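For reference, the structure is listed below as structure tokens.
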Amino acid sequence: MSEVVPKLFRINTGSCNGCDVEFMPTILVEKFGVSTLGVEMVEDIKDANIIAITGPLTARSESFLKSAVGKIRHPYVVVGVGTCAVTCGIFRDSYAINGPTDKIVDVNVNVAGCPPRPQSIAEGIAKGIKVLNQVMNGEDIPKTIDTIFKDFSAPESFRGRMDLNPDMCTACRTCETVCPSTAIKITEIAQGHVHNIWHNSCCYCGNCAYFCPTGAIFSTNSFDTVKLQSEKFEDVNSEIIKPSDCSSCGDSYMPPSRGLLGKGYVHDDVKKLDTTICSKCRKEANFKRMYA
Amino acid sequence: MSEKIEIGPFHTELEESVYFKLEVDEHRMVEKVEIINGFIHRGMESLVTKKNFMQNLILTERVCSLCSNNHPMTYAMAVEKISGITIPLRAEALRVVADEVKRVASDMFNLSMLTHIAHTHELMKDTMNTREHMQDLKEVIWGNRMDMSSNLLTGTKYDLDDRKVKIILDTLDTVEPKIRDLKERYENDEELKTKTVGVGVLPLEDALEIGVTGPVARGSGINNDVRVMAPYGLYAYRPELQPNVTLSLRKEGDVHARAMARFGDILEAVRIIRDVVADMPEGDTYVDKRPHIPAGEAVVRTEAPRGELIYYLKTDGSQKPVRMRWKVPTFTNWEALKVMILGDKVDNVTMILNSIDPCISCTDR
Amino acid sequence: MSIEEFNDAIKNKLFGDYELKEDVDHYGNSNSWIVLHDKRDMEVVAKAVKSFKGRCVVATGYLNEMDGTHTVIYHFDINGMIMNAQINTNDKTVISITPILRSADWAERELREMYDVEPVGHPTKDRLFLDYSIAKGVLNEYISLSKIQMGVSDTDVLWSQVNKGVKV
Ligand code: SF4
Ligand code: SF4
Ligand code: SF4
């Protein structure tokens with residue numbers, strides 16, 4: 001089995017420049033480890049075998065991207081850098097956007113993030129190299145590749161993958177409304193609601209967590225967002241928000257969270273409130289408590 | 001004999017995609033220049049009218065990641081003006097801190113790109129590594145190295161406590177001596193000077209006529225810093241915070257002068273951050289998380305790292321803007337490129353482009 | 001620079017009526033508005049701005065849904081004061097002020113490609129940002145003529161693939 005020398009070329013297809021600006025330190029700053037991968041930056045795309053693509057693919061970039069990759073006469077892999085490259089992210093559905101990238105070229109590795117940390121971009125390049133070696137040696141490409149740079153860590157405060165605590169969520173849809181890049185979908189089903197967060201569409205802005213009235217949705221500091229193309233549509237946080245049966249009348253209802261109750265009943269001890277009854281029954285009970 | 005040369009749209013020395021068609025003479029001097037834009041045009045002025053006011057706090061941040069704090073801030077100021085809301089003094093202070101931190105990081109990125117293109121490797125490495133401290137700071141305080149998500153309509157999302165203020169001050173203590181040292185070296189490094197002095201000159205008269213702003217203007221001796229000419233936010237309430245622009249002014253108008261003007265801006269930004277956190281106003285950080293926005297229109301402006309940023313906003317009382325338009329510094333600074341490039345060496349084109357610190361994503365939108 | 005000074009410079013030269021109002025924000029910055037009713041008057045205003053060594057910062061256009069006319073606002077800066085000059089057009093043309101103020105160049109070209117409003121007398125014909133695959137005047141469409149109007153947005157397409165994989 002032979003090792004290929006990875007030769008890297010970056011193409012910007014209309015990025016907000018965040019991804020491209022982060023690409024530079026990824027390459028030039030020691031601590032991000034790219035130098036340990038033996039990567040060579042090439043000036044001419046014809047010589048490249050790893051193509052890093054940023055941006056949501058604007059109308060004007062499309063033909064240039066096609067002709068640029070058309071010049072490469074040997075096997076290569078494509079690493080999509082940034083949520084834009086993966087799903088067009090926040091710019092999706094604009095008249096000027098023709099992406100995402102995989103409509104035009106075969107993408108191998110996706111790095112979600114807006115922008116991704118250099119550590120993630122480095123990881124994306126490393127996984128790209130792995131795929132390239134497998135391609136060159138005629139091996140099958142696995143469904144997932146384990147993290148290559150295992151020593152990287154992120155500060156507590158890093159806005160990484162979003163997570164949901166279904167017990168606190170009331171399916172109020174605030175997060176869906178304030179999410180700028182349609183990364184959250186809440187759908188009604190027989191058993192209640194499904195709350196989906198699609199990490200590849202997320203721009204990690206934290207708007208959902210900031211505006212959520214109950215604190216159910218929150219950001220973790222996980223930057224594990226570098227996935228293979230085969231995982232593109234599967235990297236989803238999916239939770240079912242179940243309604244409850246009212247202990248008084250038996251109707252099915254969406255229980256309010258304690259957080260929300262705390263706001264409504266400022267003078268009461270929320271812990272003592274009976275949260276197992278529906279709002280109709282609670283109103284009745286309250287009425288009786290006050291006037292009976 | 002003239003020769004045609006093309007640069008771009010994808011090129012290792014171009015951070016963003018743009019396409020130059022040049023004609024050069026037998027000494028490789030540029031005789032004719034045509035620049036094709038639009039590679040980063042994402043139809044953003046249309047998109048902002050399809051998203052609600054909360055979503056637009058984030059979308060405006062993605063106009064450009066280098067001045068990604070100025071856009072939502074200026075947009076928020078326009079909303080606040082239409083709504084007749086005066087935001088708490090503490091929020092004004094927090095906005096200035098976020099903004100000046102971004103300015104330092106943005107200007108330092110431009111300087112590292114300059115030395116990268118000039119192949120002055122040691123300078124590039126030291127500039128990039130110094131900037132990394134600012135990147136780390138942003139990640140620790142705001143959660144992302146580029147997009148801080150710090151602004152809220154009627155205030156800020158984030159607050160600072162003593163622990164965080166200490167982190168900021170410690171970072172500044174680390175970077176300030178490094179920046180001063182870098183400034184000395186940029187000023188005197190023979191190799192860098194050979195490559196940048198007298199290159200890409202923008203004479204004062206052209207600068208005035210084209211209407212350039214920011215460090216490009218300051219490099220040609222013009223001071224039209226919005227923080228001084230039309231102070232807003234905390235710069236209006238506390239005039240002593242306004243940058244001392246004389247520290248940034250240069251008259252040579254070349255690539256080197258624009259780089260040195262940025263050093264002036266950076267050091268003043270460091271001073272401003274220190275002054276603000278030393279005397280943080282008490283109080284709330286916002287007025288209303290989700291304010292009602294009546295019908296109206298407003299024009300507001302701020303000083304982004306590259307110069308004047310102006311927002312026009314028109315609302316009709318609904319959840320989405322009717323029209324939003326913004327003008328970024330590069331929009332006007334771009335025309336100056338032609339003056340700088342014509343008659344200079346073709347090998348200098350990417351360096352001259354970098355010297356206006358072009359933000360093409362801002363310009364193309 | 002004061003609004004009175006500016007008014008003195010234009011009042012005897014304008015062809016049509018006009019309204020002038022000054023608006024000072026709570027930071028103390030002056031932001032004046034002048035509404036013009038004769039297209040030729042934008043040239044008069046531009047000449048006055050030039051004589052005060054001002055510049056055109058940018059111009060905004062928008063479509064008035066009610067009557068199909070367009071409003072164009074030029075934003076000028078005169079020594080730190082913002083002056084917004086507004087004009088309506090019902091035939092999709094304005095008189096270009098780029099020959100007077102070079103700083104208006106790009107703003108007017110954008111007006112042409114985004115709203116299909118022609119700055120008559122503008123020196124350049126080339127597109128600026130909008131790719132030739134997209135018809136000019138895109139911002140006139142309330143919902144842009146994109147995939148959304150044809151019933152399938154990229155968001156829908158992509159999410160349907162996500163949903164296929166989600167097990168409930
Ligand atoms: S993914 Fe985010 S940071 Fe990267 S180009 Fe897109 S909007 Fe910018
Ligand atoms: S996560 Fe929060 S905002 Fe979203 S639906 Fe649940 S409770 Fe509402
Ligand atoms: S962080 Fe939340 S609001 Fe922001 S894009 Fe991701 S899911 Fe949407």
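Ordered as shown in the structure tokens, chains take letters A, B, and onward, while each chain numbers its residues from 1 and ligands are numbered from 1 in the order shown.
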With 10 Å as the cut-off and only C-alpha atoms and all ligand atoms counted, what is the closest atom pair between each nearby residue of chain B and ligand 3? Distances in Å to one decimal, ordered by chain and number, as a tab-separated table.
residue	atom	partner	partner_atom_place_in_ligand_line	distance
B:Met54	CA	ligand 3	3 (S)	9.7
B:Gln55	CA	ligand 3	3 (S)	8.1
B:Ile58	CA	ligand 3	4 (Fe)	8.0
B:Ser149	CA	ligand 3	4 (Fe)	9.7
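Contacts with ligand 2 are defined as any residue atom within 7 Å of a ligand atom, using only C-alpha atoms and all ligand atoms; the residues meeting this criterion are Leu164, Met168, Cys169, Thr170, Ala171, Cys172, Arg173, Thr174, Cys175, Glu176, Cys208, Phe211, Cys212, Pro213, Thr214, Gly215, Ala216 and Ile217 of chain A.
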Would you kindly return, as a ChimeraX atom specification, each protein, DNA or RNA residue with an atom no farther than 6 Å from any atom of Cys56 of chain C, considering only C-alpha atoms and excluding same-chain residues fewer than 3 positions away? /C:76,103-104
If the cut-off is 8 Å, can you tell me the residues of chain A near chain C, counting only C-alpha atoms? I'd like them as JSON, numbers by chain. {"A": [59, 60, 87, 92, 93, 94, 95, 96, 182, 194, 198, 233, 234, 236, 238, 240]}
Keeping only C-alpha atoms, write the selected residues as a compact mmCIF listing (two decimals), in the first residue's frame.
# COMPACT_ATOMS: atom_id res chain seq x y z
CA ALA A 59 -24.51 31.66 -9.62
CA ARG A 60 -21.37 33.36 -10.88
CA THR A 87 -26.14 22.67 2.73
CA ARG A 92 -30.19 28.68 1.07
CA ASP A 93 -33.06 29.56 -1.26
CA SER A 94 -31.65 32.86 -2.43
CA TYR A 95 -31.98 33.60 -6.15
CA ALA A 96 -28.21 33.87 -6.38
CA THR A 182 -33.80 26.31 8.95
CA VAL A 194 -40.76 15.41 16.72
CA TRP A 198 -29.93 19.01 11.63
CA PHE A 233 -28.46 13.52 6.09
CA GLU A 234 -28.12 11.38 9.20
CA VAL A 236 -29.56 14.80 13.22
CA SER A 238 -34.06 13.85 16.94
CA ILE A 240 -39.95 13.08 20.56
Skip Glu156 of chain A itself and residues of its chain fewer than 5 positions away, then list as a ChimeraX atom specification all residues within 8 Å of it, counting only C-alpha atoms. /A:220-221 /B:140
Please, which residues of chain B lie no more than 8 Å from chain C when the count uses only C-alpha atoms, and can they be set out as number ranges by chain? B: 36-39, 41, 46, 81, 86, 209-211, 224, 226, 229-233, 236-237, 299, 312, 323, 325, 327, 331-332, 364
Emit the selected residues as a PDB file, in the first residue's frame, including N, CA and C atoms.
ATOM      1  N   ILE B  36     -13.620  41.846 -12.430  1.00  0.00           N
ATOM      2  CA  ILE B  36     -14.974  41.289 -12.467  1.00  0.00           C
ATOM      3  C   ILE B  36     -15.382  40.853 -11.064  1.00  0.00           C
ATOM      4  N   ASN B  37     -16.485  41.417 -10.596  1.00  0.00           N
ATOM      5  CA  ASN B  37     -16.997  41.113  -9.259  1.00  0.00           C
ATOM      6  C   ASN B  37     -18.197  40.173  -9.349  1.00  0.00           C
ATOM      7  N   GLY B  38     -18.781  39.936  -8.216  1.00  0.00           N
ATOM      8  CA  GLY B  38     -20.053  39.220  -8.200  1.00  0.00           C
ATOM      9  C   GLY B  38     -19.931  37.748  -7.829  1.00  0.00           C
ATOM     10  N   PHE B  39     -18.707  37.264  -7.594  1.00  0.00           N
ATOM     11  CA  PHE B  39     -18.542  35.847  -7.254  1.00  0.00           C
ATOM     12  C   PHE B  39     -19.117  35.544  -5.878  1.00  0.00           C
ATOM     13  N   HIS B  41     -21.709  37.278  -4.667  1.00  0.00           N
ATOM     14  CA  HIS B  41     -23.059  37.847  -4.565  1.00  0.00           C
ATOM     15  C   HIS B  41     -24.064  36.748  -4.189  1.00  0.00           C
ATOM     16  N   SER B  46     -32.093  40.635  -0.747  1.00  0.00           N
ATOM     17  CA  SER B  46     -33.374  39.965  -0.929  1.00  0.00           C
ATOM     18  C   SER B  46     -33.643  39.035   0.257  1.00  0.00           C
ATOM     19  N   LYS B  81     -33.433  52.913  16.294  1.00  0.00           N
ATOM     20  CA  LYS B  81     -33.795  54.271  15.914  1.00  0.00           C
ATOM     21  C   LYS B  81     -35.260  54.334  15.479  1.00  0.00           C
ATOM     22  N   THR B  86     -33.726  53.859  23.404  1.00  0.00           N
ATOM     23  CA  THR B  86     -32.365  54.159  23.831  1.00  0.00           C
ATOM     24  C   THR B  86     -31.877  52.965  24.630  1.00  0.00           C
ATOM     25  N   GLU B 209     -11.617  62.205  -4.001  1.00  0.00           N
ATOM     26  CA  GLU B 209     -12.632  62.171  -5.033  1.00  0.00           C
ATOM     27  C   GLU B 209     -13.402  60.849  -5.020  1.00  0.00           C
ATOM     28  N   ILE B 210     -12.680  59.760  -4.804  1.00  0.00           N
ATOM     29  CA  ILE B 210     -13.337  58.450  -4.798  1.00  0.00           C
ATOM     30  C   ILE B 210     -14.160  58.270  -3.528  1.00  0.00           C
ATOM     31  N   GLY B 211     -13.755  58.947  -2.479  1.00  0.00           N
ATOM     32  CA  GLY B 211     -14.508  58.845  -1.228  1.00  0.00           C
ATOM     33  C   GLY B 211     -14.124  57.625  -0.419  1.00  0.00           C
ATOM     34  N   ASN B 224     -11.546  60.289   8.179  1.00  0.00           N
ATOM     35  CA  ASN B 224     -13.007  60.371   8.207  1.00  0.00           C
ATOM     36  C   ASN B 224     -13.586  59.229   9.041  1.00  0.00           C
ATOM     37  N   VAL B 226     -15.692  57.374  11.427  1.00  0.00           N
ATOM     38  CA  VAL B 226     -17.046  57.682  11.893  1.00  0.00           C
ATOM     39  C   VAL B 226     -17.083  57.865  13.411  1.00  0.00           C
ATOM     40  N   MET B 229     -15.993  61.532  13.455  1.00  0.00           N
ATOM     41  CA  MET B 229     -16.769  62.487  12.651  1.00  0.00           C
ATOM     42  C   MET B 229     -18.236  62.525  13.047  1.00  0.00           C
ATOM     43  N   ALA B 230     -18.797  61.384  13.365  1.00  0.00           N
ATOM     44  CA  ALA B 230     -20.213  61.319  13.725  1.00  0.00           C
ATOM     45  C   ALA B 230     -20.362  60.257  14.807  1.00  0.00           C
ATOM     46  N   PRO B 231     -19.804  60.523  15.999  1.00  0.00           N
ATOM     47  CA  PRO B 231     -19.723  59.494  17.034  1.00  0.00           C
ATOM     48  C   PRO B 231     -21.098  58.944  17.439  1.00  0.00           C
ATOM     49  N   TYR B 232     -21.114  57.646  17.668  1.00  0.00           N
ATOM     50  CA  TYR B 232     -22.350  56.945  18.022  1.00  0.00           C
ATOM     51  C   TYR B 232     -22.061  56.132  19.281  1.00  0.00           C
ATOM     52  N   GLY B 233     -23.096  55.590  19.874  1.00  0.00           N
ATOM     53  CA  GLY B 233     -22.921  54.703  21.021  1.00  0.00           C
ATOM     54  C   GLY B 233     -22.071  55.338  22.114  1.00  0.00           C
ATOM     55  N   ALA B 236     -20.068  58.456  21.565  1.00  0.00           N
ATOM     56  CA  ALA B 236     -20.748  59.748  21.639  1.00  0.00           C
ATOM     57  C   ALA B 236     -20.868  60.189  23.093  1.00  0.00           C
ATOM     58  N   TYR B 237     -21.191  59.229  23.984  1.00  0.00           N
ATOM     59  CA  TYR B 237     -21.382  59.596  25.392  1.00  0.00           C
ATOM     60  C   TYR B 237     -20.075  59.877  26.111  1.00  0.00           C
ATOM     61  N   VAL B 299     -31.477  55.709   8.810  1.00  0.00           N
ATOM     62  CA  VAL B 299     -30.122  55.568   8.271  1.00  0.00           C
ATOM     63  C   VAL B 299     -29.157  55.720   9.439  1.00  0.00           C
ATOM     64  N   TYR B 312     -29.365  51.326   5.770  1.00  0.00           N
ATOM     65  CA  TYR B 312     -30.682  51.927   5.573  1.00  0.00           C
ATOM     66  C   TYR B 312     -31.698  50.832   5.861  1.00  0.00           C
ATOM     67  N   ARG B 323     -37.273  46.764   3.404  1.00  0.00           N
ATOM     68  CA  ARG B 323     -36.087  46.991   2.598  1.00  0.00           C
ATOM     69  C   ARG B 323     -34.937  47.221   3.539  1.00  0.00           C
ATOM     70  N   ARG B 325     -30.665  47.959   3.215  1.00  0.00           N
ATOM     71  CA  ARG B 325     -29.562  48.176   2.297  1.00  0.00           C
ATOM     72  C   ARG B 325     -28.384  48.623   3.116  1.00  0.00           C
ATOM     73  N   LYS B 327     -24.045  49.804   2.919  1.00  0.00           N
ATOM     74  CA  LYS B 327     -22.875  50.118   2.110  1.00  0.00           C
ATOM     75  C   LYS B 327     -21.662  49.882   2.964  1.00  0.00           C
ATOM     76  N   PHE B 331     -16.933  48.810  -0.809  1.00  0.00           N
ATOM     77  CA  PHE B 331     -17.773  49.243  -1.933  1.00  0.00           C
ATOM     78  C   PHE B 331     -17.189  50.491  -2.593  1.00  0.00           C
ATOM     79  N   THR B 332     -16.717  51.426  -1.782  1.00  0.00           N
ATOM     80  CA  THR B 332     -16.108  52.633  -2.358  1.00  0.00           C
ATOM     81  C   THR B 332     -14.587  52.513  -2.476  1.00  0.00           C
ATOM     82  N   ASP B 364     -19.998  42.370  -2.508  1.00  0.00           N
ATOM     83  CA  ASP B 364     -20.891  41.682  -3.441  1.00  0.00           C
ATOM     84  C   ASP B 364     -22.245  41.364  -2.799  1.00  0.00           C
TER      85      ASP B 364
END
